[in-house]
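> Below you'll find query_23.cif; it's mmCIF, C-alpha atoms and all ligand atoms.
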```cif
data_run
loop_
_atom_site.label_atom_id
_atom_site.label_comp_id
_atom_site.auth_asym_id
_atom_site.auth_seq_id
_atom_site.Cartn_x
_atom_site.Cartn_y
_atom_site.Cartn_z
CA MET A 1 0.00 0.00 0.00
CA ASP A 2 1.38 3.39 -0.93
CA ARG A 3 1.26 6.59 1.07
CA ARG A 4 -1.70 7.93 -0.89
CA ASN A 5 -3.74 4.89 0.13
CA LEU A 6 -2.54 5.08 3.69
CA LEU A 7 -3.55 8.73 4.00
CA LYS A 8 -6.85 8.61 2.16
CA ASN A 9 -9.91 9.35 4.28
CA SER A 10 -12.10 7.08 2.22
CA PHE A 11 -11.99 5.75 -1.26
CA ALA A 12 -15.71 5.64 -0.87
CA LEU A 13 -16.20 2.41 -2.76
CA GLY A 14 -16.13 -0.03 0.12
CA GLY A 15 -13.38 -2.49 0.58
CA LEU A 16 -11.15 0.16 -0.93
CA THR A 17 -11.22 2.39 2.09
CA GLY A 18 -8.06 3.98 3.44
CA LEU A 19 -6.96 4.66 6.95
CA GLY A 20 -7.98 8.21 7.63
CA ALA A 21 -5.94 11.29 8.38
CA GLY A 22 -2.95 11.47 10.64
CA ALA A 23 -0.53 8.92 9.24
CA GLY A 24 1.68 11.61 7.81
CA GLN A 25 4.00 11.92 10.81
CA THR A 26 7.43 10.39 10.49
CA ALA A 27 8.05 6.84 11.58
CA THR A 28 10.34 8.07 14.35
CA ALA A 29 7.79 10.50 15.76
CA GLN A 30 5.05 7.90 15.71
CA ALA A 31 7.19 5.10 17.09
CA ALA A 32 8.02 7.29 20.07
CA ARG A 33 4.32 7.16 20.90
CA VAL A 34 4.28 3.34 21.04
CA PRO A 35 5.01 2.37 24.63
CA LEU A 36 6.71 -0.95 25.23
CA ILE A 37 3.55 -2.56 26.58
CA ASP A 38 1.72 -1.62 23.37
CA ARG A 39 3.90 -3.76 21.11
CA PRO A 40 1.82 -5.95 18.76
CA PRO A 41 0.97 -9.19 20.57
CA VAL A 42 2.00 -12.60 19.26
CA LEU A 43 -0.01 -12.96 16.04
CA ALA A 44 -1.23 -16.24 14.58
CA PRO A 45 -0.44 -16.46 10.86
CA ILE A 46 -3.19 -16.46 8.27
CA ARG A 47 -3.25 -19.83 6.51
CA ALA A 48 -3.64 -18.27 3.08
CA HIS A 49 -3.68 -21.09 0.53
CA VAL A 50 -5.93 -21.28 -2.51
CA ASP A 51 -7.31 -24.71 -1.49
CA ARG A 52 -8.68 -23.05 1.68
CA ILE A 53 -10.96 -20.72 -0.37
CA TYR A 54 -14.44 -21.91 0.51
CA ASP A 55 -16.50 -19.10 -1.00
CA ILE A 56 -16.14 -16.34 -3.58
CA LYS A 57 -18.73 -13.55 -3.49
CA SER A 58 -19.02 -11.04 -6.27
CA CYS A 59 -21.43 -8.13 -6.47
CA ILE A 60 -22.09 -4.54 -7.44
CA ARG A 61 -21.62 -1.49 -5.25
CA PRO A 62 -24.63 0.83 -5.73
CA PHE A 63 -22.68 3.93 -6.74
CA ARG A 64 -24.77 7.00 -7.59
CA THR A 65 -23.04 9.88 -9.32
CA LYS A 66 -24.98 12.44 -7.22
CA GLY A 67 -24.60 10.60 -3.90
CA PRO A 68 -27.42 8.59 -2.28
CA ASN A 69 -30.97 9.37 -3.40
CA LEU A 70 -32.65 10.82 -0.32
CA GLY A 71 -35.50 12.49 -2.22
CA VAL A 72 -39.25 12.20 -1.67
CA GLU A 73 -41.68 11.69 -4.54
CA GLN A 74 -45.34 10.98 -5.10
CA ILE A 75 -46.55 7.89 -6.97
CA GLY A 76 -50.34 8.13 -7.16
CA ASP A 77 -51.49 8.57 -3.57
CA ALA A 78 -48.34 6.97 -2.16
CA THR A 79 -45.42 9.02 -0.82
CA VAL A 80 -42.09 7.40 -1.63
CA VAL A 81 -39.05 8.31 0.48
CA HIS A 82 -35.92 7.11 -1.30
CA ASN A 83 -32.96 5.61 0.49
CA TYR A 84 -30.54 4.04 -2.01
CA GLY A 85 -27.23 4.60 -3.76
CA HIS A 86 -24.76 4.26 -0.87
CA ALA A 87 -22.00 2.82 -3.08
CA GLY A 88 -19.25 1.19 -1.00
CA ASP A 89 -20.43 2.73 2.27
CA GLY A 90 -23.84 1.18 2.87
CA TRP A 91 -22.93 -0.74 6.02
CA THR A 92 -21.18 2.33 7.38
CA LEU A 93 -23.96 4.83 6.65
CA SER A 94 -26.97 2.57 7.21
CA TRP A 95 -28.30 3.75 10.59
CA GLY A 96 -27.64 7.42 9.92
CA SER A 97 -29.28 7.24 6.51
CA ALA A 98 -32.23 5.36 8.00
CA ASP A 99 -32.59 7.97 10.71
CA MET A 100 -32.67 10.79 8.15
CA GLN A 101 -35.19 9.10 5.86
CA VAL A 102 -37.45 7.71 8.58
CA GLN A 103 -37.78 11.23 10.01
CA LYS A 104 -39.05 12.34 6.59
CA ALA A 105 -41.44 9.38 6.41
CA MET A 106 -42.76 9.83 9.96
CA SER A 107 -43.38 13.55 9.38
CA PHE A 108 -46.50 12.43 7.45
CA GLY A 109 -47.78 10.80 10.65
CA PRO A 110 -48.32 7.27 9.28
CA LYS A 111 -49.43 4.34 11.45
CA LYS A 112 -48.13 1.87 8.86
CA VAL A 113 -44.99 2.12 6.77
CA ALA A 114 -43.80 -0.06 3.88
CA VAL A 115 -40.10 -0.61 3.24
CA ILE A 116 -38.96 -1.90 -0.15
CA GLY A 117 -35.86 -4.07 0.11
CA CYS A 118 -34.24 -6.08 2.86
CA GLY A 119 -30.57 -5.28 2.33
CA ILE A 120 -28.73 -3.46 5.10
CA ILE A 121 -30.35 -0.14 4.11
CA GLY A 122 -33.90 -1.55 4.02
CA LEU A 123 -33.51 -3.50 7.24
CA THR A 124 -32.09 -0.60 9.24
CA SER A 125 -34.81 1.68 7.80
CA ALA A 126 -37.46 -0.83 8.87
CA LEU A 127 -36.05 -1.13 12.40
CA THR A 128 -35.73 2.64 12.73
CA ALA A 129 -39.34 3.11 11.60
CA GLN A 130 -40.49 0.52 14.16
CA ARG A 131 -38.58 2.33 16.87
CA ALA A 132 -40.34 5.53 15.79
CA GLY A 133 -43.67 3.78 16.43
CA ALA A 134 -44.72 2.56 12.98
CA GLU A 135 -46.09 -0.86 12.03
CA VAL A 136 -43.71 -1.96 9.30
CA THR A 137 -43.99 -4.36 6.39
CA ILE A 138 -40.93 -5.11 4.27
CA TYR A 139 -41.65 -5.97 0.62
CA THR A 140 -38.67 -7.62 -0.99
CA ARG A 141 -37.59 -10.16 -3.53
CA GLU A 142 -34.76 -11.40 -1.26
CA MET A 143 -34.18 -11.58 2.47
CA LEU A 144 -30.95 -10.10 3.84
CA GLN A 145 -28.86 -13.26 3.53
CA ARG A 146 -29.35 -13.34 -0.24
CA THR A 147 -28.89 -9.63 -0.91
CA ARG A 148 -25.85 -7.87 -2.34
CA SER A 149 -25.26 -6.43 1.13
CA MET A 150 -24.05 -9.83 2.31
CA ARG A 151 -21.35 -9.87 -0.35
CA ALA A 152 -19.49 -6.84 0.97
CA ASN A 153 -16.21 -6.52 2.83
CA GLY A 154 -18.04 -5.10 5.84
CA VAL A 155 -15.84 -2.65 7.62
CA TRP A 156 -16.64 0.73 9.16
CA GLY A 157 -15.12 3.36 6.87
CA PRO A 158 -16.64 6.81 7.34
CA GLY A 159 -17.20 8.46 3.95
CA ILE A 160 -19.73 8.86 1.16
CA ALA A 161 -19.41 8.41 -2.59
CA ALA A 162 -20.36 10.67 -5.50
CA LEU A 163 -18.64 12.19 -8.49
CA ALA A 164 -16.97 15.47 -7.49
CA SER A 165 -18.72 17.21 -10.38
CA GLU A 166 -22.21 16.02 -9.38
CA ALA A 167 -22.12 15.97 -5.56
CA PRO A 168 -24.80 18.16 -3.94
CA ALA A 169 -23.51 21.15 -1.99
CA ASN A 170 -24.57 19.65 1.36
CA LEU A 171 -23.09 16.17 0.82
CA ALA A 172 -20.36 16.65 3.44
CA ASP A 173 -22.99 17.64 6.04
CA ILE A 174 -25.15 14.66 5.10
CA CYS A 175 -22.20 12.30 5.34
CA GLU A 176 -21.09 13.63 8.70
CA GLN A 177 -24.57 13.36 10.18
CA MET A 178 -25.03 9.83 8.86
CA CYS A 179 -21.65 8.67 10.10
CA ARG A 180 -22.08 10.09 13.59
CA ILE A 181 -25.55 8.57 14.05
CA SER A 182 -24.39 5.23 12.66
CA LEU A 183 -21.40 5.07 14.98
CA LYS A 184 -23.57 5.82 18.01
CA THR A 185 -25.96 3.05 16.97
CA TYR A 186 -23.17 0.53 16.42
CA ARG A 187 -22.36 0.94 20.12
CA PHE A 188 -25.57 -0.99 20.92
CA TYR A 189 -24.35 -4.01 18.94
CA THR A 190 -20.77 -4.05 20.20
CA GLY A 191 -19.79 -6.38 23.02
CA LEU A 192 -22.74 -8.74 22.52
CA SER A 193 -22.31 -12.48 22.49
CA GLY A 194 -21.43 -13.74 19.02
CA ASN A 195 -19.73 -10.40 18.27
CA PRO A 196 -22.15 -9.00 15.68
CA ILE A 197 -19.90 -5.95 15.53
CA ALA A 198 -16.29 -6.06 16.67
CA TRP A 199 -13.00 -4.18 16.57
CA CYS A 200 -9.63 -5.55 15.57
CA ASP A 201 -6.12 -4.28 14.94
CA HIS A 202 -5.33 -3.69 11.30
CA TYR A 203 -1.80 -3.62 9.89
CA ASP A 204 -0.92 -1.76 6.69
CA LEU A 205 2.31 -3.12 5.26
CA SER A 206 4.53 -1.71 2.54
CA ASP A 207 7.85 -2.48 0.90
CA THR A 208 8.39 1.24 0.27
CA PRO A 209 8.19 4.16 2.73
CA PHE A 210 4.68 5.47 3.37
CA ASP A 211 5.82 8.95 2.34
CA ALA A 212 7.16 7.83 -1.07
CA PRO A 213 5.52 9.70 -3.98
CA PRO A 214 2.33 7.92 -5.08
CA PRO A 215 2.28 6.21 -8.49
CA PRO A 216 0.13 7.85 -11.20
CA ARG A 217 -3.54 6.90 -11.02
CA ALA A 218 -4.47 3.90 -13.13
CA PRO A 219 -6.61 4.80 -16.20
CA LEU A 220 -9.83 2.91 -16.90
CA PRO A 221 -9.54 -0.16 -19.21
CA SER A 222 -11.31 1.95 -21.88
CA GLY A 223 -8.38 4.39 -21.75
CA GLU A 224 -10.56 7.15 -20.28
CA PRO A 225 -9.22 8.99 -17.25
CA ALA A 226 -10.31 7.61 -13.87
CA PRO A 227 -13.37 9.36 -12.39
CA VAL A 228 -12.79 12.14 -9.87
CA PHE A 229 -14.64 11.47 -6.63
CA PHE A 230 -16.10 13.76 -4.02
CA ARG A 231 -13.75 14.07 -1.03
CA MET A 232 -14.83 14.92 2.48
CA PRO A 233 -13.16 18.11 3.75
CA GLU A 234 -9.89 17.24 5.49
CA GLY A 235 -10.33 16.43 9.16
CA ARG A 236 -14.14 16.51 9.11
CA LEU A 237 -14.48 12.87 10.21
CA ALA A 238 -11.05 12.58 11.81
CA ASP A 239 -12.38 11.88 15.30
CA LEU A 240 -14.40 8.87 14.09
CA THR A 241 -11.43 6.58 13.43
CA PRO A 242 -8.20 6.05 15.35
CA LYS A 243 -5.05 7.39 13.71
CA PRO A 244 -2.51 4.85 12.45
CA GLU A 245 0.76 4.38 14.31
CA ILE A 246 3.85 3.67 12.29
CA LEU A 247 5.55 0.62 13.81
CA ALA A 248 9.31 0.90 14.27
CA PRO A 249 11.34 -2.05 12.85
CA ASN A 250 11.99 -3.43 16.34
CA VAL A 251 8.25 -3.91 16.98
CA ASN A 252 7.13 -4.81 13.43
CA PRO A 253 6.33 -8.55 13.43
CA PHE A 254 5.71 -8.69 9.65
CA PRO A 255 8.23 -9.44 6.88
CA ALA A 256 7.57 -6.09 5.20
CA LYS A 257 9.87 -3.16 5.75
CA TYR A 258 7.18 -0.63 6.70
CA ALA A 259 4.16 -1.24 8.91
CA ALA A 260 1.42 0.89 10.43
CA ARG A 261 -1.24 -0.25 12.87
CA THR A 262 -4.73 1.05 13.48
CA SER A 263 -8.02 -0.36 14.81
CA LYS A 264 -10.98 -1.10 12.61
CA MET A 265 -14.61 -1.82 13.42
CA TYR A 266 -16.12 -4.54 11.29
CA PHE A 267 -19.39 -6.39 10.85
CA ASN A 268 -19.73 -10.13 11.32
CA PHE A 269 -22.47 -10.57 8.74
CA SER A 270 -23.97 -13.83 10.04
CA GLU A 271 -24.45 -12.72 13.66
CA TYR A 272 -25.28 -9.10 12.93
CA GLY A 273 -27.70 -9.98 10.11
CA HIS A 274 -29.41 -12.63 12.19
CA LEU A 275 -29.79 -10.19 15.09
CA LEU A 276 -31.31 -7.44 12.94
CA VAL A 277 -33.79 -9.78 11.25
CA SER A 278 -34.77 -11.31 14.63
CA ASP A 279 -35.23 -7.84 16.16
CA PHE A 280 -37.48 -6.85 13.25
CA PHE A 281 -39.75 -9.88 13.70
CA ALA A 282 -39.69 -9.57 17.51
CA ALA A 283 -41.06 -6.03 17.15
CA GLY A 284 -44.00 -7.33 15.07
CA GLY A 285 -42.52 -6.68 11.63
CA LYS A 286 -43.95 -8.47 8.60
CA VAL A 287 -42.24 -9.52 5.39
CA VAL A 288 -43.94 -9.99 2.02
CA MET A 289 -41.82 -11.63 -0.69
CA ARG A 290 -42.51 -9.62 -3.82
CA ASP A 291 -40.74 -8.47 -6.98
CA PHE A 292 -41.74 -5.03 -8.28
CA HIS A 293 -41.38 -4.21 -11.96
CA SER A 294 -42.52 -0.61 -12.23
CA PRO A 295 -42.81 2.28 -9.74
CA GLY A 296 -46.57 2.46 -10.41
CA GLU A 297 -47.05 -0.83 -8.53
CA LEU A 298 -46.25 0.96 -5.28
CA ALA A 299 -49.47 2.96 -5.53
CA HIS A 300 -51.41 -0.30 -4.93
CA LEU A 301 -49.79 -1.14 -1.59
CA PRO A 302 -52.00 -0.70 1.50
CA GLU A 303 -49.31 1.49 3.12
CA LYS A 304 -49.21 5.02 1.76
CA ILE A 305 -45.79 5.93 3.15
CA ILE A 306 -43.06 3.87 1.52
CA ILE A 307 -39.30 3.89 2.11
CA ASN A 308 -37.61 2.71 -1.06
CA CYS A 309 -34.33 0.82 -0.51
CA PRO A 310 -33.63 -1.26 -3.65
CA GLY A 311 -29.86 -0.67 -3.79
CA TYR A 312 -28.34 -0.99 -7.26
CA ALA A 313 -31.66 -2.39 -8.59
CA ALA A 314 -32.88 1.24 -8.76
CA HIS A 315 -30.91 1.46 -12.02
CA ASP A 316 -33.49 -0.69 -13.84
CA TRP A 317 -36.52 -0.64 -11.60
CA TRP A 318 -36.56 3.15 -11.04
CA ARG A 319 -34.70 3.93 -14.27
CA ASP A 320 -32.19 5.93 -12.25
CA LYS A 321 -29.40 6.46 -14.74
CA ALA A 322 -27.21 8.12 -12.10
CA MET A 323 -26.61 4.59 -10.77
CA ILE A 324 -23.24 3.18 -11.91
CA PRO A 325 -22.28 -0.44 -11.19
CA VAL A 326 -18.96 -0.83 -9.42
CA ARG A 327 -17.99 -4.48 -9.24
CA GLY A 328 -16.45 -5.97 -6.13
CA GLN A 329 -15.38 -9.43 -5.04
CA THR A 330 -14.44 -11.01 -1.74
CA GLU A 331 -12.92 -14.45 -1.29
CA TRP A 332 -13.36 -16.36 1.95
CA LEU A 333 -10.87 -18.69 3.56
CA ILE A 334 -11.85 -21.25 6.19
CA PRO A 335 -12.35 -19.47 9.54
CA GLN A 336 -9.38 -19.13 11.89
CA PRO A 337 -10.69 -17.96 15.27
CA GLU A 338 -7.11 -17.71 16.54
CA VAL A 339 -6.45 -14.87 14.05
CA ASN A 340 -7.76 -11.60 15.49
CA TYR A 341 -6.46 -8.93 13.13
CA GLY A 342 -6.52 -7.65 9.57
CA VAL A 343 -3.72 -6.83 7.17
CA THR A 344 -3.26 -4.95 3.89
CA TYR A 345 -0.24 -5.69 1.67
CA ARG A 346 0.45 -5.14 -2.04
CA ASN A 347 -3.15 -4.05 -2.68
CA VAL A 348 -4.76 -7.03 -1.00
CA GLN A 349 -6.65 -6.82 2.27
CA ALA A 350 -7.42 -9.74 4.60
CA ARG A 351 -9.47 -9.66 7.79
CA SER A 352 -10.43 -12.40 10.18
CA LYS A 353 -14.18 -12.57 10.75
CA SER A 354 -16.27 -15.11 12.57
CA ASP A 355 -17.35 -16.80 9.32
CA GLY A 356 -13.98 -16.79 7.61
CA ILE A 357 -10.92 -14.86 6.58
CA MET A 358 -12.18 -12.24 4.14
CA VAL A 359 -9.73 -11.42 1.35
CA ILE A 360 -10.27 -8.60 -1.17
CA ALA A 361 -8.16 -6.93 -3.88
CA VAL A 362 -8.04 -3.17 -3.34
CA GLY A 363 -6.22 -0.17 -4.81
CA ASP A 364 -6.38 1.98 -7.92
CA ALA A 365 -5.80 -0.72 -10.53
CA GLN A 366 -8.54 -2.91 -9.04
CA HIS A 367 -10.80 0.07 -8.82
CA ALA A 368 -10.25 0.95 -12.48
CA LYS A 369 -11.32 -2.60 -13.45
CA SER A 370 -14.41 -2.35 -11.22
CA TRP A 371 -15.78 0.96 -12.44
CA ASN A 372 -18.95 0.68 -14.56
CA ASN A 373 -18.60 -3.10 -14.44
CA SER A 374 -21.80 -5.02 -13.72
CA ASN A 375 -20.32 -8.51 -14.01
CA GLU A 376 -21.38 -10.40 -10.88
CA ARG A 377 -19.84 -13.74 -11.82
CA PRO A 378 -17.24 -14.85 -9.28
CA ASP A 379 -13.75 -14.69 -10.81
CA ARG A 380 -11.67 -17.61 -9.51
CA ALA A 381 -8.44 -16.28 -11.02
CA GLU A 382 -8.88 -12.94 -9.24
CA ALA A 383 -9.62 -14.77 -5.99
CA GLU A 384 -6.53 -16.97 -6.26
CA GLY A 385 -4.36 -13.98 -7.22
CA ALA A 386 -5.41 -12.12 -4.07
CA VAL A 387 -4.94 -15.15 -1.81
CA ARG A 388 -1.47 -15.79 -3.29
CA VAL A 389 -0.33 -12.31 -2.23
CA MET A 390 -1.21 -13.25 1.35
CA GLU A 391 0.29 -16.72 0.93
CA GLU A 392 3.62 -15.18 -0.11
CA LEU A 393 3.55 -12.72 2.79
CA PHE A 394 2.82 -15.41 5.38
CA SER A 395 5.35 -17.82 3.89
CA ARG A 396 7.97 -15.33 5.20
CA PHE A 397 6.16 -14.57 8.48
CA THR A 398 7.90 -15.59 11.70
CA GLY A 399 5.82 -13.43 14.04
CA VAL A 400 8.86 -11.69 15.47
CA PRO A 401 10.56 -8.48 14.29
CA ALA A 402 13.37 -9.10 11.78
C1 LIG B 501 -17.06 -5.90 -2.55
C2 LIG B 501 -17.82 -4.91 -1.71
C3 LIG B 501 -17.28 -4.47 -0.53
C4 LIG B 501 -17.99 -3.56 0.27
N1 LIG B 501 -17.45 -3.19 1.46
C5 LIG B 501 -18.11 -2.33 2.25
C6 LIG B 501 -17.56 -1.96 3.49
O1 LIG B 501 -16.50 -2.43 3.87
N2 LIG B 501 -18.24 -1.07 4.26
C7 LIG B 501 -19.42 -0.53 3.86
O2 LIG B 501 -19.97 0.29 4.59
N3 LIG B 501 -19.99 -0.90 2.69
C8 LIG B 501 -19.36 -1.78 1.87
N4 LIG B 501 -19.90 -2.13 0.67
C9 LIG B 501 -21.13 -1.48 0.21
C10 LIG B 501 -22.39 -2.08 0.78
O3 LIG B 501 -22.35 -3.47 0.66
C11 LIG B 501 -23.61 -1.49 0.03
O4 LIG B 501 -23.57 -0.09 0.06
C12 LIG B 501 -24.90 -1.96 0.67
O5 LIG B 501 -24.91 -3.36 0.77
C13 LIG B 501 -26.13 -1.50 -0.09
O6 LIG B 501 -27.24 -2.01 0.60
P1 LIG B 501 -28.71 -1.86 0.04
O7 LIG B 501 -29.60 -2.32 1.12
O8 LIG B 501 -28.90 -0.46 -0.48
O9 LIG B 501 -28.78 -2.77 -1.26
P2 LIG B 501 -28.96 -4.36 -1.43
O10 LIG B 501 -28.16 -5.12 -0.47
O11 LIG B 501 -28.75 -4.62 -2.88
O12 LIG B 501 -30.48 -4.62 -1.07
C14 LIG B 501 -31.50 -4.26 -1.96
C15 LIG B 501 -32.79 -4.93 -1.53
O13 LIG B 501 -33.85 -4.49 -2.37
C16 LIG B 501 -34.54 -5.62 -2.90
N5 LIG B 501 -35.03 -5.23 -4.23
C17 LIG B 501 -34.35 -4.63 -5.20
N6 LIG B 501 -35.15 -4.43 -6.26
C18 LIG B 501 -36.36 -4.92 -5.94
C19 LIG B 501 -37.60 -5.02 -6.64
N7 LIG B 501 -37.73 -4.56 -7.87
N8 LIG B 501 -38.64 -5.62 -6.01
C20 LIG B 501 -38.50 -6.09 -4.75
N9 LIG B 501 -37.35 -6.02 -4.06
C21 LIG B 501 -36.31 -5.44 -4.65
C22 LIG B 501 -33.49 -6.71 -2.94
O14 LIG B 501 -34.11 -8.00 -2.95
C23 LIG B 501 -32.77 -6.45 -1.63
O15 LIG B 501 -33.48 -7.02 -0.57
C24 LIG B 501 -19.24 -3.05 -0.15
C25 LIG B 501 -19.79 -3.52 -1.36
C26 LIG B 501 -19.08 -4.43 -2.12
C27 LIG B 501 -19.70 -4.92 -3.39
#
```
Show me, as structure tokens, the structure contained in the file I just sent.


Amino acid sequence: MDRRNLLKNSFALGGLTGLGAGAGQTATAQAARVPLIDRPPVLAPIRAHVDRIYDIKSCIRPFRTKGPNLGVEQIGDATVVHNYGHAGDGWTLSWGSADMQVQKAMSFGPKKVAVIGCGIIGLTSALTAQRAGAEVTIYTREMLQRTRSMRANGVWGPGIAALASEAPANLADICEQMCRISLKTYRFYTGLSGNPIAWCDHYDLSDTPFDAPPPPRAPLPSGEPAPVFFRMPEGRLADLTPKPEILAPNVNPFPAKYAARTSKMYFNFSEYGHLLVSDFFAAGGKVVMRDFHSPGELAHLPEKIIINCPGYAAHDWWRDKAMIPVRGQTEWLIPQPEVNYGVTYRNVQARSKSDGIMVIAVGDAQHAKSWNNSNERPDRAEAEGAVRVMEELFSRFTGVPA
């Protein structure tokens, strides 16, 4: 990982997120802040071998050039409050976005609310509406476990995605509000049995100094220049993530010359998803399995206030041409409960979760391949390539500083 990636607040496409501000200090200055007792503990190696891949998940990030659709529109006598287009930040923004949109929905004073979609955005919207006093029915063609949401990386990475040229003037305010509310809400799910949401150390490793000049940005495969994304103003979200510490060579347990450590919050999809769905039913929620084909069908629902959370499907269903598919893929190695950290090296990230070691290719070149790419077929060669980077790293890993 180069310095640009280390310093980035958010690449805003999920699984490509950086570390946040503050890593710019010199290694010496940062190392002085690492007291002896805060040396990395003994770390179990990741058993990264291609025959241990037990799942490959590929899907589309719901990128919207103008940022998430948070508008309200009328379809017949139904009021539709949109909540989709969170790109690579849906898990991160979910509760804050739900809070914002449920307030709009509840301002009409409904007793009953319909939610379209049961991905992470739909489910958190439904729970938030229940907590605001509404009787909620989710209409969806898939339950959470089968949605695109479950094919993410699943790490907290404050940020929001849009094209710089199309971002609304208040996008930074929206992002900040969503992130702060989400983080507060994640507190309620941290420390529970089964670890629905957990924190772990994350190590960024590099063969070159973090302050080396960044390489030029990779062009798109079409030869066009890479898109220019909206960036949050420097420092705006800085207090929401811990700053990375550069590890001095005498405390760096990895076989890479440069290492930085931070802490990351992540989502264990199985436990967290199960908990959210159970909470929804426990509060009297209903689910109707249904596939909508045109917006006009919403006017026939019994509920007249509808929160619309279809994710990328809004591209076809709502004919929202601001939606751009951004492909992503994660590969899953057999779980290793003894591994309790994550690592990024040579544009591959790995993180130990309760249901496996998640591995994902990140970085500019990967991003260029993903942009405007709607191919959701798992790519075995990509998966093996990413796992082999980790295999090579851990083949040299002794667990003690060189
Ligand atoms: C590889 C990858 C890594 C990612 N990593 C992260 C990360 O680390 N952190 C982060 O915060 N985010 C991450 N994301 C982004 C995150 O996964 C998405 O932003 C989020 O899942 C979007 O959720 P959603 O509920 O809007 O959409 P979806 O999960 O797609 O859910 C849409 C729902 O709507 C229903 N639906 C759609 N159309 C219809 C219809 N016509 N009729 C009935 N039902 C319909 C579907 O059945 C589904 O239930 C990542 C994404 C990818 C692909």

> Which neighbours of Cys118 (chain A) fall inside 8 Å, counting all atoms listed in the file, when residues of the same chain fewer than 6 positions from it are skipped, and could you give them as a list in words?

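Residues meeting the cut-off are Ile138, Tyr139, Thr140, Glu142, Met143, Leu144, Thr147 and Cys309 of chain A.
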
> Just the number, please: distance in Å from CA of Gln145 (chain A) to CA of Pro325 (chain A), one decimal.

20.6 Å

> Please provide the set of residues having any atom within 12 Å of Glu297 (chain A), restricted to all atoms listed in the file, with same-chain residues fewer than 6 positions apart removed, written as a ChimeraX atom specification.

/A:75-78,80,116,139,290-291,306,317-318

> Looking at A:Gly67, A:Pro378, A:Pro110, A:Pro310, which one is nearest to Asn170 (chain A), with distances taken over all atoms listed in the file?

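Nearest candidate to Asn170 (chain A) out of A:Gly67, A:Pro378, A:Pro110, A:Pro310: A:Gly67.
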
> Could you state the separation of CA of Glu303 (chain A) and CA of Gly90 (chain A) in Å, given to one decimal place?

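Going from CA of Glu303 (chain A) over to CA of Gly90 (chain A), I get 25.5 Å.
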
> Might you pull out every residue within 9 Å of Tyr258 (chain A), with all atoms listed in the file counted and same-chain residues fewer than 3 positions away left off, and present them as number ranges by chain?

A: 27, 204-210, 246-249, 252, 254-255

> Using only C-alpha atoms, which of A:Thr124, A:Ser354, A:Asn268, A:Ser263 sits nearest Gly342 (chain A)?

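The answer is A:Ser263, which sits nearest to Gly342 (chain A).
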
> One decimal, in Å: what's the spacing between CA of Thr137 (chain A) and CA of Asp279 (chain A)?

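So the two atoms, CA of Thr137 (chain A) and CA of Asp279 (chain A), lie 13.6 Å apart.
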
> Name the residues in contact with Asn250 (chain A) at a cut-off of 9 Å, using all atoms listed in the file, excluding same-chain residues fewer than 6 positions from it; report them as a compact mmCIF listing (two decimals) with C-alpha atoms, in the frame of the given file.


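File around-v5.txt, as written:
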```txt
# COMPACT_ATOMS: atom_id res chain seq x y z
CA VAL A 400 8.86 -11.69 15.47
CA PRO A 401 10.56 -8.48 14.29
CA ALA A 402 13.37 -9.10 11.78
```

> Extract, using only C-alpha atoms, all DNA, RNA and protein residues at most 12 Å from Ala226 (chain A), discarding same-chain residues fewer than 3 positions from it, and format them as a list of chain:residue names.

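Residues meeting the cut-off are A:Leu163, A:Pro216, A:Arg217, A:Ala218, A:Pro219, A:Leu220, A:Pro221, A:Ser222, A:Gly223, A:Phe229, A:Asp364, A:Ala365, A:Gln366, A:His367, A:Ala368, A:Lys369, A:Ser370, A:Trp371, A:Asn372.
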
> Taking (2.0, -14.1, 4.8) as a centre in this file's frame and 12 Å as the limit, can you find every polymer residue with an atom that close, using only C-alpha atoms, and give them as a ChimeraX atom specification?

/A:43-49,205,253-256,342-346,348-350,386-399

> Can you put N, CA and C atoms back into region 195-202 of chain A and show it as a PDB file, in the frame of the given file?


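As a result, part-v2.pdb now contains:
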```
ATOM      1  N   ASN A 195     -20.452 -11.511  18.919  1.00  0.00           N
ATOM      2  CA  ASN A 195     -19.730 -10.400  18.270  1.00  0.00           C
ATOM      3  C   ASN A 195     -20.343  -9.935  16.953  1.00  0.00           C
ATOM      4  N   PRO A 196     -21.603  -9.492  16.947  1.00  0.00           N
ATOM      5  CA  PRO A 196     -22.150  -9.000  15.680  1.00  0.00           C
ATOM      6  C   PRO A 196     -21.310  -7.872  15.089  1.00  0.00           C
ATOM      7  N   ILE A 197     -20.806  -7.012  15.972  1.00  0.00           N
ATOM      8  CA  ILE A 197     -19.900  -5.950  15.530  1.00  0.00           C
ATOM      9  C   ILE A 197     -18.685  -5.975  16.448  1.00  0.00           C
ATOM     10  N   ALA A 198     -17.516  -5.912  15.869  1.00  0.00           N
ATOM     11  CA  ALA A 198     -16.290  -6.060  16.670  1.00  0.00           C
ATOM     12  C   ALA A 198     -15.217  -5.098  16.164  1.00  0.00           C
ATOM     13  N   TRP A 199     -14.179  -4.963  16.951  1.00  0.00           N
ATOM     14  CA  TRP A 199     -13.000  -4.180  16.570  1.00  0.00           C
ATOM     15  C   TRP A 199     -11.802  -5.114  16.474  1.00  0.00           C
ATOM     16  N   CYS A 200     -10.893  -4.799  15.585  1.00  0.00           N
ATOM     17  CA  CYS A 200      -9.630  -5.550  15.570  1.00  0.00           C
ATOM     18  C   CYS A 200      -8.499  -4.622  15.131  1.00  0.00           C
ATOM     19  N   ASP A 201      -7.267  -5.011  15.461  1.00  0.00           N
ATOM     20  CA  ASP A 201      -6.120  -4.280  14.940  1.00  0.00           C
ATOM     21  C   ASP A 201      -6.023  -4.538  13.446  1.00  0.00           C
ATOM     22  N   HIS A 202      -5.558  -3.507  12.734  1.00  0.00           N
ATOM     23  CA  HIS A 202      -5.330  -3.690  11.300  1.00  0.00           C
ATOM     24  C   HIS A 202      -3.930  -3.166  10.969  1.00  0.00           C
TER      25      HIS A 202
END
```
